[in-house]
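Following: one structure in structure tokens, then a few remarks.
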There are 2 protein chains.
Amino acid sequence: MMNEIPYKIYLDENEMPTQWYNVRADMKKKPAPLLNPGTGQPMTEEELRHVFCDELVKQELNETDRFIDIPEEIRNFYKMYRPSPLVRAYCLEKKLDTPAKIYYKFEGNNTSGSHKLNSAIAQAYYAKKQGLKGVTTETGAGQWGTALSMACSYLDLDCKVYMVKVSYEQKPFRREVMRTYGASVTPSPSNTTNVGRKILAEFPDTNGSLGCAISEAVEAATSQEGYRYVLGSVLSQVLLHQSVIGMESKIALDKYGIKPDMIIGCAGGGSNLGGLISPFMGEKLRGEADYRFIAVEPASCPSLTRGVYAYDFCDTGKVCPLQKMYTLGSGFMPSPNHAGGLRYHGMSAILSELYDQKLMEAVAVEQTSVFEAAEIFARSEGILPAPESSHAIRVAIDEALKCKETGEEKTILFGLTGTGYFDMYAYAAYNDGKMTDYVPTDEELQRSFDSLPKV
Amino acid sequence: MMNEIPYKIYLDENEMPTQWYNVRADMKKKPAPLLNPGTGQPMTEEELRHVFCDELVKQELNETDRFIDIPEEIRNFYKMYRPSPLVRAYCLEKKLDTPAKIYYKFEGNNTSGSHKLNSAIAQAYYAKKQGLKGVTTETGAGQWGTALSMACSYLDLDCKVYMVKVSYEQKPFRREVMRTYGASVTPSPSNTTNVGRKILAEFPDTNGSLGCAISEAVEAATSQEGYRYVLGSVLSQVLLHQSVIGMESKIALDKYGIKPDMIIGCAGGGSNLGGLISPFMGEKLRGEADYRFIAVEPASCPSLTRGVYAYDFCDTGKVCPLQKMYTLGSGFMPSPNHAGGLRYHGMSAILSELYDQKLMEAVAVEQTSVFEAAEIFARSEGILPAPESSHAIRVAIDEALKCKETGEEKTILFGLTGTGYFDMYAYAAYNDGKMTDYVPTDEELQRSFDSLPKV
């Protein structure tokens with residue numbers, strides 16, 4: 001092939017971003033503030049400091065600074081696994097026989113297997129800088145927990161992970177990765193917290209849930225000296241850290257004079273999509289450029305496409321502040337879709353507000369078609385994608401096939417958040433023709449909406 | 001940190017090697033020829049063509065051409081996952097507090113998880129070019145089978161993998177990766193071959209073995225029109241393809257004026273080590289430069305350090321040609337060491353001859369100390385290494401610690417062949433303190449040597 005654009009664009013280390021971009025600074029209408037569930041009043045810096053470490057609270061509440069310096073120690077850590085490659089999907093284009101030009105930003109080439117490490121190191125760094133002993137968190141399938149373990153291990157910070165019991169038992173691989181990085185991994189519910197003991201007394205045979213694990217992690221952080229709780233998605237601080245994805249993408253694209261027509265990303269809590277689109281959205285908000293932004297969510301957990309824009313709890317345990325977001329209700333129980341990272345009832349406040357302002361589109365896709373896309377991608381581009389990432393692949397392929405029909409040479413950029421090496425049970429179900437699709441009924445969603453808090 | 005040398009050196013695509021380097025061309029004394037086990041005579045091109053495809057037979061027998069062009073289609077495939085990064089292990093150096101400068105060539109950033117893909121695509125390409133329908137192979141833990149599946153999927157070539165039954169059942173993840181890439185994966189022994197049926201009739205409950213899987217794969221290739229057998233290590237053609245590792249490393253090092261004092265690699269069949277050291281060994285053979293080369297093998301399977309240099313079967317099934325190599329005897333049953341890729345009774349003919357000429361050193365290490373090194377590496381460099389690769393890490397760390405004692409600023413290069421994502425049972429055993437070491441007794445080895453073929 002004779003191409004001026006290489007298969008993979010790697011930035012040099014001196015081209016890597018030195019600042020995160022805070023998209024809220026360019027939003028005329030800002031996301032609604034977090035509310036104290038007890039008082040219904042906006043959470044103060046002081047209140048948030050009981051749960052999160054000081055610098056992160058400042059970042060969470062910062063709506064005015066467009067750029068925030070990335071501390072040198074975090075930049076050095078980034079250099080161990082970043083810049084991530086911006087890949088021209090020549091082989092996929094050929095396979096699809098499309099005139100579209102497809103690019104993807106691949107965040108999976110690190111041991112956590114996803115983009116989660118970008119925020120994990122930032123959160124661990126600020127905890128360390130504050131002189132804390134450690135951090136606590138919850139994890140479902142284990143990607144966030146792994147990322148945090150790696151970051152804490154690097155900084156010599158204690159890391160306590162509450163892992164949903166059924167995952168702890170049935171998915172021992174990620175648990176062992178976390179242990180290898182020195183984290184303590186506790187199956188939740190556990191006897192180590194009041195909330196855990198209470199749940200165990202009531203339901204001794206429970207499999208656990210993410211909501212319960214969050215409650216235990218928050219209790220473990222707030223009841224011990226020198227600990228804070230950290231969260232891998234949803235929060236505005238997380239989108240800020242993840243903006244490194246979009247910043248790198250933009251620098252690489254600009255270097256080659258490429259302007260994407262559309263930018264596609266999967267959306268669970270929104271950290272990856274928010275990070276990827278941030279600097280491009282900034283241009284759109286400032287009227288400097290226009291792009292289509294497409295959030296892709298599972299049809300089984302359609303917070304943007306079928307949810308309501310309302311104040312809700314961020315966690316099923318209802319211990320976290322209230323956030324205004326597109327939500328299915330914190331009591332919504334998503335079906336056991338294989339994309340664990342997208343099984344979240346709500347959406348980041350920033351993305352919710354941008355979606356409400358019609359600056360971003362959203363589509364929902366079913367998982368069998370997602371795995372079909374994953375297989376096409378794996379066989380042409382070599383990389384075995386995570387089920388979550390494959391949601392974006394599905395829509396990127398659909399858009400490329402539309403171009404094939406119309407003959408348009410559109411430029412598509414999508415976020416490939418991670419690899420599927422720990423998701424082979426899901427691939428096995430697909431390979432064996434045993435994958436099922438599930439879409440909640442309107443009645444189910446309505447019942448869930450009825451339980452939204454009255455604010 | 002203020003460093004002129006970046007954390008990761010990536011070559012530009014136009015700097016990537018366009019030729020493989022054939023170290024045999026620079027060896028004054030060549031490796032001994034393959035022998036026909038029936039006649040005791042050197043295998044002819046004609047005889048080898050029944051098993052391997054034509055171009056690969058030529059490469060296997062080519063001892064004179066120093067460079068062999070890499071076909072454009074293979075170079076394009078390489079661009080999907082290469083160049084692999086040459087990493088300066090700043091974080092490991094800091095952790096060890098050593099004046100040594102440590103570099104590693106990381107081959108794990110692809111879905112096969114190792115360097116195996118470098119030869120898989122070459123072997124699949126030549127099979128396709130010859131107009132064959134497909135290829136057959138065996139796989140133990142599944143890395144080679146995965147690599148071959150990916151290559152065949154890309155070229156639309158049929159891929160039949162015989163997988164040792166116990167791995168097929170107990171390690172379903174890699175099996176599913178292969179299936180996702182469209183390979184047919186058959187637990188061995190199977191009813192699909194004469195040799196499989198015979199073994200099943202005699203031992204219906206057998207777990208299978210690599211020797212048996214090789215025999216089935218060879219039978220499947222030679223008994224069907226349009227198929228050939230391919231092998232992922234040991235052969236000289238494989239070392240030739242793997243020379244891309246060393247070529248890239250050398251180009252990257254030369255670019256920054258770095259000259260390693262020693263080059264370290266793990267050695268099972270020898271494909272990674274051979275590929276990494278080839279161009280450097282060439283300089284040594286031509287008297288242009290000097291380096292220490294260190295092969296690292298498991299103490300449980302010490303072919304170089306405790307084996308004999310003799311003609312032996314390459315496979316336990318005794319269907320392959322005889323090769324002169326350092327061997328423990330084809331009947332040697334290695335203990336269930338977790339580094340499956342290093343559980344091979346022999347060593348590549350090229351490396352065996354270089355070792356016999358005292359151009360290379362070898363050390364054997366025990367697996368508990370290997371996992372200790374793996375953990376140190378994971379916690380400082382972020383990457384979770386494969387157990388095989390961790391053998392090289394162990395010795396690289398030992399050498400760096402010697403530098404700490406002496407104050408010498410030596411430059412160490414080692415090969416990080418792959419990631420350990422599918423080896424978490426092994427890490428779990430280490431994390432739980434349940435890992436055991438095993439070293440064969442002299443009597444065991446002597447018994448095994450007694451069964452060597454008389455040539």
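Identifiers for the structure tokens are assigned positionally: chains receive A, B, ... in sequence, residues are indexed from 1 per chain, and ligands are indexed from 1 in the order shown.
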Chain B residues near chain A (8 Å cut-off, only C-alpha atoms) as a short mmCIF file (atom, residue, chain, number, x, y, z; two decimals) with N, CA and C atoms, in the first residue's frame:
data_model
loop_
_atom_site.label_atom_id
_atom_site.label_comp_id
_atom_site.auth_asym_id
_atom_site.auth_seq_id
_atom_site.Cartn_x
_atom_site.Cartn_y
_atom_site.Cartn_z
N MET B 1 11.86 13.65 35.32
CA MET B 1 13.18 13.16 34.87
C MET B 1 13.62 13.88 33.62
N PRO B 6 14.00 8.47 25.37
CA PRO B 6 12.61 8.38 25.84
C PRO B 6 12.32 7.05 26.55
N TYR B 7 11.20 6.98 27.22
CA TYR B 7 10.78 5.74 27.86
C TYR B 7 10.63 4.63 26.83
N LYS B 8 10.03 5.00 25.70
CA LYS B 8 9.79 3.99 24.67
C LYS B 8 10.32 4.52 23.34
N TYR B 10 9.95 4.03 19.55
CA TYR B 10 9.19 3.42 18.45
C TYR B 10 9.86 3.84 17.14
N GLU B 13 7.45 3.84 10.60
CA GLU B 13 7.20 2.71 9.70
C GLU B 13 8.27 2.60 8.62
N ASN B 76 3.19 -5.39 5.60
CA ASN B 76 1.95 -4.68 5.93
C ASN B 76 1.29 -5.26 7.17
N LYS B 79 2.93 -4.12 10.20
CA LYS B 79 2.59 -2.74 10.58
C LYS B 79 1.36 -2.65 11.47
N MET B 80 0.56 -3.71 11.49
CA MET B 80 -0.61 -3.69 12.39
C MET B 80 -0.19 -3.76 13.86
N ASN B 109 2.50 -6.72 22.85
CA ASN B 109 1.34 -5.88 22.54
C ASN B 109 0.59 -6.30 21.29
N ASN B 110 0.19 -7.55 21.26
CA ASN B 110 -0.71 -8.00 20.19
C ASN B 110 -1.56 -9.10 20.77
N THR B 111 -2.64 -9.45 20.08
CA THR B 111 -3.62 -10.35 20.68
C THR B 111 -3.06 -11.73 20.97
N MET B 150 -4.66 -15.99 14.00
CA MET B 150 -4.75 -14.59 13.58
C MET B 150 -4.21 -14.41 12.17
N SER B 153 -6.55 -16.09 9.59
CA SER B 153 -7.78 -15.31 9.46
C SER B 153 -7.53 -14.12 8.53
N TYR B 154 -6.39 -13.47 8.71
CA TYR B 154 -6.05 -12.30 7.90
C TYR B 154 -5.91 -12.67 6.43
N PHE B 173 -9.85 -20.18 27.56
CA PHE B 173 -9.78 -18.81 27.06
C PHE B 173 -9.04 -18.72 25.73
N GLU B 176 -10.92 -20.15 22.93
CA GLU B 176 -11.97 -19.27 22.40
C GLU B 176 -11.38 -18.13 21.56
N VAL B 177 -10.19 -17.67 21.91
CA VAL B 177 -9.55 -16.66 21.06
C VAL B 177 -9.32 -17.27 19.68
N ARG B 179 -10.89 -19.72 18.24
CA ARG B 179 -12.18 -19.89 17.55
C ARG B 179 -12.69 -18.55 17.04
N THR B 180 -12.50 -17.49 17.81
CA THR B 180 -12.94 -16.17 17.37
C THR B 180 -12.24 -15.77 16.08
N TYR B 181 -11.00 -16.24 15.91
CA TYR B 181 -10.28 -15.97 14.67
C TYR B 181 -10.55 -17.03 13.60
N GLU B 375 7.03 -10.16 39.61
CA GLU B 375 6.26 -9.24 40.45
C GLU B 375 6.97 -7.89 40.58
N ALA B 378 6.43 -6.16 37.26
CA ALA B 378 5.05 -5.70 37.06
C ALA B 378 4.79 -4.45 37.88
N ARG B 379 5.25 -4.47 39.12
CA ARG B 379 4.97 -3.34 40.02
C ARG B 379 5.74 -2.08 39.65
N SER B 380 6.87 -2.23 38.99
CA SER B 380 7.61 -1.02 38.63
C SER B 380 7.37 -0.60 37.18
N GLU B 381 7.30 -1.53 36.26
CA GLU B 381 7.17 -1.19 34.84
C GLU B 381 5.73 -1.27 34.33
N GLY B 382 4.82 -1.76 35.18
CA GLY B 382 3.41 -1.77 34.80
C GLY B 382 2.99 -3.01 34.03
N ILE B 383 3.84 -3.55 33.22
CA ILE B 383 3.48 -4.69 32.36
C ILE B 383 3.52 -5.99 33.16
N LEU B 384 2.45 -6.79 33.04
CA LEU B 384 2.40 -8.09 33.69
C LEU B 384 3.04 -9.11 32.74
N TYR B 421 -1.41 -12.47 30.79
CA TYR B 421 -2.85 -12.38 31.07
C TYR B 421 -3.55 -13.74 31.14
N PHE B 422 -3.00 -14.71 30.42
CA PHE B 422 -3.63 -16.04 30.43
C PHE B 422 -2.90 -16.99 31.37
N MET B 424 -2.84 -16.52 34.84
CA MET B 424 -3.13 -16.05 36.19
C MET B 424 -3.23 -17.18 37.21
N TYR B 425 -3.45 -18.41 36.77
CA TYR B 425 -3.42 -19.51 37.73
C TYR B 425 -2.00 -19.63 38.32
N TYR B 427 0.19 -17.13 38.57
CA TYR B 427 0.38 -16.00 39.50
C TYR B 427 -0.38 -16.25 40.81
N ALA B 428 -1.56 -16.86 40.70
CA ALA B 428 -2.33 -17.16 41.92
C ALA B 428 -1.53 -18.10 42.82
N ASN B 431 1.06 -15.96 44.39
CA ASN B 431 0.46 -15.05 45.38
C ASN B 431 0.06 -15.79 46.65
#
Write out as a PDB file with C-alpha atoms, in the first residue's frame which residues come within 8 Å of region 438-442 of chain B when counting only C-alpha atoms, dropping same-chain ones fewer than 6 positions away.
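The result, written out as result.pdb:
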ATOM      1  CA  ALA B 299      15.887 -25.326  36.069  1.00  0.00           C
ATOM      2  CA  SER B 300      13.128 -27.896  35.560  1.00  0.00           C
ATOM      3  CA  CYS B 301      13.897 -28.216  31.837  1.00  0.00           C
ATOM      4  CA  SER B 335       7.647 -31.059  35.467  1.00  0.00           C
ATOM      5  CA  GLU B 366      13.933 -21.788  39.413  1.00  0.00           C
TER       6      GLU B 366
END
**Q.** Contact residues around Cys314 (chain B) with only C-alpha atoms at 8 Å, ignoring same-chain residues under 4 positions, as a VMD selection string
**A.** chain B and resid 318 320 to 323 330 346
Using only all heavy atoms, please write the residues we just selected to a file, as a compact mmCIF listing (two decimals), in the first residue's frame.
# COMPACT_ATOMS: atom_id res chain seq x y z
N LYS B 318 8.10 -38.70 17.70
CA LYS B 318 9.13 -39.24 16.80
C LYS B 318 8.69 -39.33 15.34
O LYS B 318 9.04 -40.24 14.62
CB LYS B 318 9.61 -40.62 17.29
CG LYS B 318 10.15 -40.58 18.72
CD LYS B 318 10.82 -41.87 19.14
CE LYS B 318 11.34 -41.74 20.58
NZ LYS B 318 12.02 -42.92 21.06
N CYS B 320 8.99 -36.39 13.41
CA CYS B 320 9.73 -35.32 12.75
C CYS B 320 11.17 -35.77 12.48
O CYS B 320 11.64 -36.75 13.04
CB CYS B 320 9.74 -34.06 13.61
SG CYS B 320 8.12 -33.34 13.79
N PRO B 321 11.87 -35.02 11.62
CA PRO B 321 13.27 -35.36 11.35
C PRO B 321 14.13 -35.26 12.61
O PRO B 321 13.74 -34.63 13.60
CB PRO B 321 13.70 -34.29 10.33
CG PRO B 321 12.46 -33.73 9.77
CD PRO B 321 11.42 -33.86 10.83
N LEU B 322 15.30 -35.87 12.53
CA LEU B 322 16.26 -35.76 13.62
C LEU B 322 17.04 -34.46 13.48
O LEU B 322 17.39 -34.05 12.38
CB LEU B 322 17.24 -36.92 13.57
CG LEU B 322 16.66 -38.32 13.79
CD1 LEU B 322 17.73 -39.37 13.54
CD2 LEU B 322 16.12 -38.44 15.20
N GLN B 323 17.29 -33.82 14.62
CA GLN B 323 18.04 -32.57 14.60
C GLN B 323 19.17 -32.67 15.62
O GLN B 323 18.95 -33.17 16.72
CB GLN B 323 17.10 -31.42 14.94
CG GLN B 323 17.80 -30.07 15.05
CD GLN B 323 16.82 -28.90 15.12
OE1 GLN B 323 16.24 -28.50 14.12
NE2 GLN B 323 16.64 -28.38 16.31
N SER B 330 14.07 -36.84 23.80
CA SER B 330 12.69 -36.52 23.42
C SER B 330 11.68 -37.19 24.35
O SER B 330 10.50 -36.85 24.35
CB SER B 330 12.42 -36.91 21.96
OG SER B 330 12.48 -38.31 21.82
N GLY B 346 14.38 -29.90 23.79
CA GLY B 346 15.56 -29.56 22.98
C GLY B 346 15.73 -28.08 22.78
O GLY B 346 15.10 -27.26 23.45
(Q) Let me make sure I understand: among B:Val195, B:Gly226, B:Leu61, B:Ser190, which one has the smallest atom-to-atom distance to Thr136 (chain B) if we use only C-alpha atoms? (A)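 Selected residue with least distance to Thr136 (chain B): B:Gly226.
Closest to Asn337 (chain B) among B:Gln170, B:Ser390, B:Thr436, B:Thr137 is B:Thr436, based on only C-alpha atoms.
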Q: DSSP on the backbone, then: every residue of region 149-270 of chain B marked alpha helix (DSSP H), written as an NGL selection string.
A: :B and (149-155 or 165-170 or 172-180 or 194-202 or 210-222 or 236-255)
(Q) Show me, as a ChimeraX atom specification, the residues that have an atom within 9 Å of region 393-403 of chain A when counting only C-alpha atoms, minus same-chain residues fewer than 5 positions from it. (A) /A:92-93,96-102,263-266,294,296,363,365,369-374,377,385,408-416
Writer output for current selection, C-alpha atoms, as an mmCIF file, in the first residue's frame:
data_model
loop_
_atom_site.group_PDB
_atom_site.id
_atom_site.type_symbol
_atom_site.label_atom_id
_atom_site.label_comp_id
_atom_site.auth_asym_id
_atom_site.auth_seq_id
_atom_site.Cartn_x
_atom_site.Cartn_y
_atom_site.Cartn_z
ATOM 1 C CA LEU A 92 -10.955 -2.959 8.309
ATOM 2 C CA GLU A 93 -11.624 -0.447 5.532
ATOM 3 C CA LEU A 96 -15.675 -3.492 4.485
ATOM 4 C CA ASP A 97 -14.775 -2.191 1.022
ATOM 5 C CA THR A 98 -15.733 1.286 2.159
ATOM 6 C CA PRO A 99 -14.541 4.679 0.955
ATOM 7 C CA ALA A 100 -14.726 5.865 4.563
ATOM 8 C CA LYS A 101 -11.477 6.527 6.390
ATOM 9 C CA ILE A 102 -11.544 4.901 9.791
ATOM 10 C CA ILE A 263 -16.402 10.750 16.702
ATOM 11 C CA ILE A 264 -17.864 7.603 18.211
ATOM 12 C CA GLY A 265 -17.437 6.072 21.630
ATOM 13 C CA CYS A 266 -19.105 3.548 23.892
ATOM 14 C CA ILE A 294 -22.146 9.575 18.826
ATOM 15 C CA VAL A 296 -23.148 4.102 21.875
ATOM 16 C CA VAL A 363 -27.684 5.116 19.750
ATOM 17 C CA VAL A 365 -27.194 -1.501 20.043
ATOM 18 C CA SER A 369 -24.655 -7.435 16.714
ATOM 19 C CA VAL A 370 -21.905 -5.990 18.911
ATOM 20 C CA PHE A 371 -20.050 -9.313 19.000
ATOM 21 C CA GLU A 372 -20.538 -9.711 15.270
ATOM 22 C CA ALA A 373 -18.757 -6.377 14.850
ATOM 23 C CA ALA A 374 -16.106 -7.445 17.366
ATOM 24 C CA PHE A 377 -12.753 -6.187 13.734
ATOM 25 C CA PRO A 385 -11.669 -5.878 21.449
ATOM 26 C CA GLU A 408 -19.021 9.407 0.703
ATOM 27 C CA GLU A 409 -15.412 9.436 1.958
ATOM 28 C CA LYS A 410 -16.191 10.355 5.521
ATOM 29 C CA THR A 411 -13.569 10.280 8.225
ATOM 30 C CA ILE A 412 -14.609 8.287 11.276
ATOM 31 C CA LEU A 413 -12.783 8.314 14.605
ATOM 32 C CA PHE A 414 -13.768 5.934 17.344
ATOM 33 C CA GLY A 415 -12.431 5.041 20.764
ATOM 34 C CA LEU A 416 -11.178 1.493 21.225
#
Q.
My list of candidates is A:Asn62, A:Gln446, A:Thr186, A:Gln224. Which is closest to Arg306 (chain A) when distances are computed with only C-alpha atoms?
A.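 Result for the nearest residue to Arg306 (chain A): A:Gln446.
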Q) What lies within 10 Å of region 281-284 of chain A using only C-alpha atoms, ignoring chain neighbours under 6 positions off, as a ChimeraX atom specification? A) /A:21-27,66,246,263,274,290-293,354,359-360
Store the residues picked out above, limited to all heavy atoms, as a compact mmCIF listing (two decimals), in the first residue's frame.
# COMPACT_ATOMS: atom_id res chain seq x y z
N TYR A 21 -7.76 18.96 29.59
CA TYR A 21 -8.70 19.96 29.12
C TYR A 21 -10.04 19.78 29.85
O TYR A 21 -10.60 18.68 29.90
CB TYR A 21 -8.90 19.84 27.61
CG TYR A 21 -10.08 20.64 27.11
CD1 TYR A 21 -10.05 22.03 27.16
CD2 TYR A 21 -11.22 20.00 26.64
CE1 TYR A 21 -11.13 22.77 26.73
CE2 TYR A 21 -12.31 20.74 26.20
CZ TYR A 21 -12.26 22.13 26.26
OH TYR A 21 -13.34 22.85 25.85
N ASN A 22 -10.53 20.87 30.39
CA ASN A 22 -11.75 20.86 31.19
C ASN A 22 -12.90 21.43 30.37
O ASN A 22 -13.09 22.65 30.29
CB ASN A 22 -11.50 21.73 32.44
CG ASN A 22 -12.67 21.75 33.40
OD1 ASN A 22 -13.64 20.99 33.25
ND2 ASN A 22 -12.59 22.63 34.40
N VAL A 23 -13.67 20.55 29.76
CA VAL A 23 -14.69 20.99 28.79
C VAL A 23 -15.76 21.88 29.43
O VAL A 23 -16.37 22.72 28.76
CB VAL A 23 -15.34 19.76 28.09
CG1 VAL A 23 -16.24 18.99 29.05
CG2 VAL A 23 -16.12 20.17 26.84
N ARG A 24 -15.95 21.73 30.75
CA ARG A 24 -16.97 22.57 31.42
C ARG A 24 -16.68 24.06 31.25
O ARG A 24 -17.60 24.89 31.24
CB ARG A 24 -17.03 22.23 32.92
CG ARG A 24 -17.65 20.89 33.21
CD ARG A 24 -17.43 20.49 34.66
NE ARG A 24 -16.01 20.22 34.92
CZ ARG A 24 -15.50 19.89 36.10
NH1 ARG A 24 -16.28 19.80 37.15
NH2 ARG A 24 -14.22 19.63 36.24
N ALA A 25 -15.37 24.40 31.12
CA ALA A 25 -15.02 25.82 30.98
C ALA A 25 -15.63 26.44 29.73
O ALA A 25 -15.89 27.65 29.68
CB ALA A 25 -13.50 25.98 30.97
N ASP A 26 -15.85 25.62 28.71
CA ASP A 26 -16.39 26.13 27.45
C ASP A 26 -17.90 25.92 27.32
O ASP A 26 -18.49 26.28 26.30
CB ASP A 26 -15.67 25.48 26.26
CG ASP A 26 -14.31 26.12 26.00
OD1 ASP A 26 -14.27 27.37 25.95
OD2 ASP A 26 -13.31 25.39 25.87
N MET A 27 -18.52 25.32 28.33
CA MET A 27 -19.97 25.11 28.28
C MET A 27 -20.67 26.35 28.82
O MET A 27 -20.38 26.78 29.94
CB MET A 27 -20.37 23.88 29.11
CG MET A 27 -19.89 22.56 28.51
SD MET A 27 -20.13 21.13 29.62
CE MET A 27 -21.93 20.92 29.53
N ARG A 66 -9.94 26.27 31.88
CA ARG A 66 -10.01 25.46 30.66
C ARG A 66 -8.95 24.36 30.66
O ARG A 66 -9.17 23.26 30.21
CB ARG A 66 -9.82 26.38 29.46
CG ARG A 66 -10.06 25.69 28.15
CD ARG A 66 -9.97 26.66 26.98
NE ARG A 66 -11.16 27.45 26.84
CZ ARG A 66 -11.23 28.56 26.10
NH1 ARG A 66 -10.17 28.99 25.47
NH2 ARG A 66 -12.36 29.23 26.00
N GLY A 246 -8.45 12.37 24.25
CA GLY A 246 -8.84 13.27 23.17
C GLY A 246 -7.73 14.23 22.77
O GLY A 246 -7.53 14.52 21.58
N ILE A 263 -17.19 11.38 15.64
CA ILE A 263 -16.40 10.75 16.70
C ILE A 263 -17.34 9.88 17.52
O ILE A 263 -18.37 10.35 18.01
CB ILE A 263 -15.71 11.80 17.58
CG1 ILE A 263 -14.84 12.72 16.69
CG2 ILE A 263 -14.85 11.14 18.65
CD1 ILE A 263 -14.19 13.87 17.41
N GLY A 274 -16.35 10.76 27.16
CA GLY A 274 -16.12 12.14 27.57
C GLY A 274 -14.68 12.57 27.34
O GLY A 274 -14.41 13.66 26.85
N ASP A 290 -17.03 21.87 13.57
CA ASP A 290 -18.21 21.08 13.86
C ASP A 290 -17.91 19.59 13.68
O ASP A 290 -17.17 19.21 12.79
CB ASP A 290 -19.38 21.50 12.96
CG ASP A 290 -20.71 20.98 13.52
OD1 ASP A 290 -20.75 20.63 14.72
OD2 ASP A 290 -21.68 20.90 12.75
N TYR A 291 -18.46 18.82 14.54
CA TYR A 291 -18.30 17.37 14.47
C TYR A 291 -19.63 16.73 14.88
O TYR A 291 -20.38 17.33 15.65
CB TYR A 291 -17.25 16.87 15.48
CG TYR A 291 -15.89 17.50 15.37
CD1 TYR A 291 -15.56 18.61 16.16
CD2 TYR A 291 -14.93 16.98 14.52
CE1 TYR A 291 -14.29 19.18 16.09
CE2 TYR A 291 -13.66 17.55 14.44
CZ TYR A 291 -13.35 18.65 15.23
OH TYR A 291 -12.11 19.21 15.16
N ARG A 292 -19.86 15.50 14.39
CA ARG A 292 -20.93 14.68 14.97
C ARG A 292 -20.31 13.86 16.10
O ARG A 292 -19.24 13.26 15.93
CB ARG A 292 -21.49 13.69 13.95
CG ARG A 292 -22.52 14.22 12.99
CD ARG A 292 -23.00 13.10 12.07
NE ARG A 292 -23.84 12.13 12.76
CZ ARG A 292 -24.10 10.90 12.29
NH1 ARG A 292 -23.57 10.49 11.14
NH2 ARG A 292 -24.89 10.08 12.96
N PHE A 293 -20.96 13.82 17.23
CA PHE A 293 -20.51 12.97 18.34
C PHE A 293 -21.57 11.91 18.58
O PHE A 293 -22.76 12.25 18.69
CB PHE A 293 -20.31 13.79 19.62
CG PHE A 293 -19.28 14.88 19.47
CD1 PHE A 293 -19.67 16.20 19.32
CD2 PHE A 293 -17.92 14.57 19.48
CE1 PHE A 293 -18.72 17.21 19.18
CE2 PHE A 293 -16.97 15.58 19.35
CZ PHE A 293 -17.36 16.90 19.20
N LEU A 354 -24.53 17.83 27.79
CA LEU A 354 -24.22 18.03 26.36
C LEU A 354 -25.27 17.34 25.48
O LEU A 354 -25.68 17.86 24.44
CB LEU A 354 -22.82 17.48 26.03
CG LEU A 354 -21.64 18.25 26.64
CD1 LEU A 354 -20.34 17.45 26.49
CD2 LEU A 354 -21.51 19.64 26.01
N LEU A 359 -25.98 18.54 21.58
CA LEU A 359 -24.64 18.67 20.99
C LEU A 359 -24.04 17.30 20.67
O LEU A 359 -22.99 17.19 20.06
CB LEU A 359 -23.72 19.42 21.96
CG LEU A 359 -24.07 20.91 22.11
CD1 LEU A 359 -23.49 21.46 23.40
CD2 LEU A 359 -23.54 21.68 20.90
N MET A 360 -24.74 16.26 21.11
CA MET A 360 -24.24 14.89 20.95
C MET A 360 -25.43 13.98 20.65
O MET A 360 -26.53 14.23 21.13
CB MET A 360 -23.57 14.47 22.28
CG MET A 360 -22.94 13.12 22.29
SD MET A 360 -22.12 12.79 23.88
CE MET A 360 -23.51 12.20 24.86
(Q) Which of region 238-392 of chain A end up as strand (DSSP E) when DSSP is run on this backbone - answer as a list in words? (A)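 Of region 238-392 of chain A, the ones in strand (DSSP E) are Met262, Ile263, Ile264, Gly265, Cys266, Arg292, Phe293, Ile294, Ala295, Val296, Glu297, Pro298, Val308, Tyr309, Ala310, Tyr311, Asp312, Phe313, Leu322, Gln323, Lys324, Met325, Tyr326, Thr327, Glu361, Ala362, Val363, Ala364 and Val365 of chain A.
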Q | Within 10 Å of Lys133 (chain B) using only C-alpha atoms, minus same-chain residues under 2 positions, as an MDAnalysis selection string | A | chainID B and resid 127:128 130:131 135 156:159 224:228
Take the residues just selected and output them with C-alpha atoms as a PDB file, in the first residue's frame.
ATOM      1  CA  ALA B 127       1.274 -21.402   2.394  1.00  0.00           C
ATOM      2  CA  LYS B 128      -1.254 -19.035   0.833  1.00  0.00           C
ATOM      3  CA  GLN B 130       1.627 -21.708  -2.782  1.00  0.00           C
ATOM      4  CA  GLY B 131      -2.135 -21.949  -3.231  1.00  0.00           C
ATOM      5  CA  VAL B 135      -2.220 -25.363   7.570  1.00  0.00           C
ATOM      6  CA  ASP B 156      -8.345 -16.285   4.626  1.00  0.00           C
ATOM      7  CA  LEU B 157      -6.533 -19.588   5.042  1.00  0.00           C
ATOM      8  CA  ASP B 158      -7.959 -22.614   6.857  1.00  0.00           C
ATOM      9  CA  CYS B 159      -6.319 -23.275  10.222  1.00  0.00           C
ATOM     10  CA  GLN B 224      -5.103 -34.093   3.117  1.00  0.00           C
ATOM     11  CA  GLU B 225      -4.725 -32.409  -0.249  1.00  0.00           C
ATOM     12  CA  GLY B 226      -3.690 -28.776   0.055  1.00  0.00           C
ATOM     13  CA  TYR B 227      -2.441 -28.745   3.635  1.00  0.00           C
ATOM     14  CA  ARG B 228       0.977 -28.405   5.214  1.00  0.00           C
TER      15      ARG B 228
END
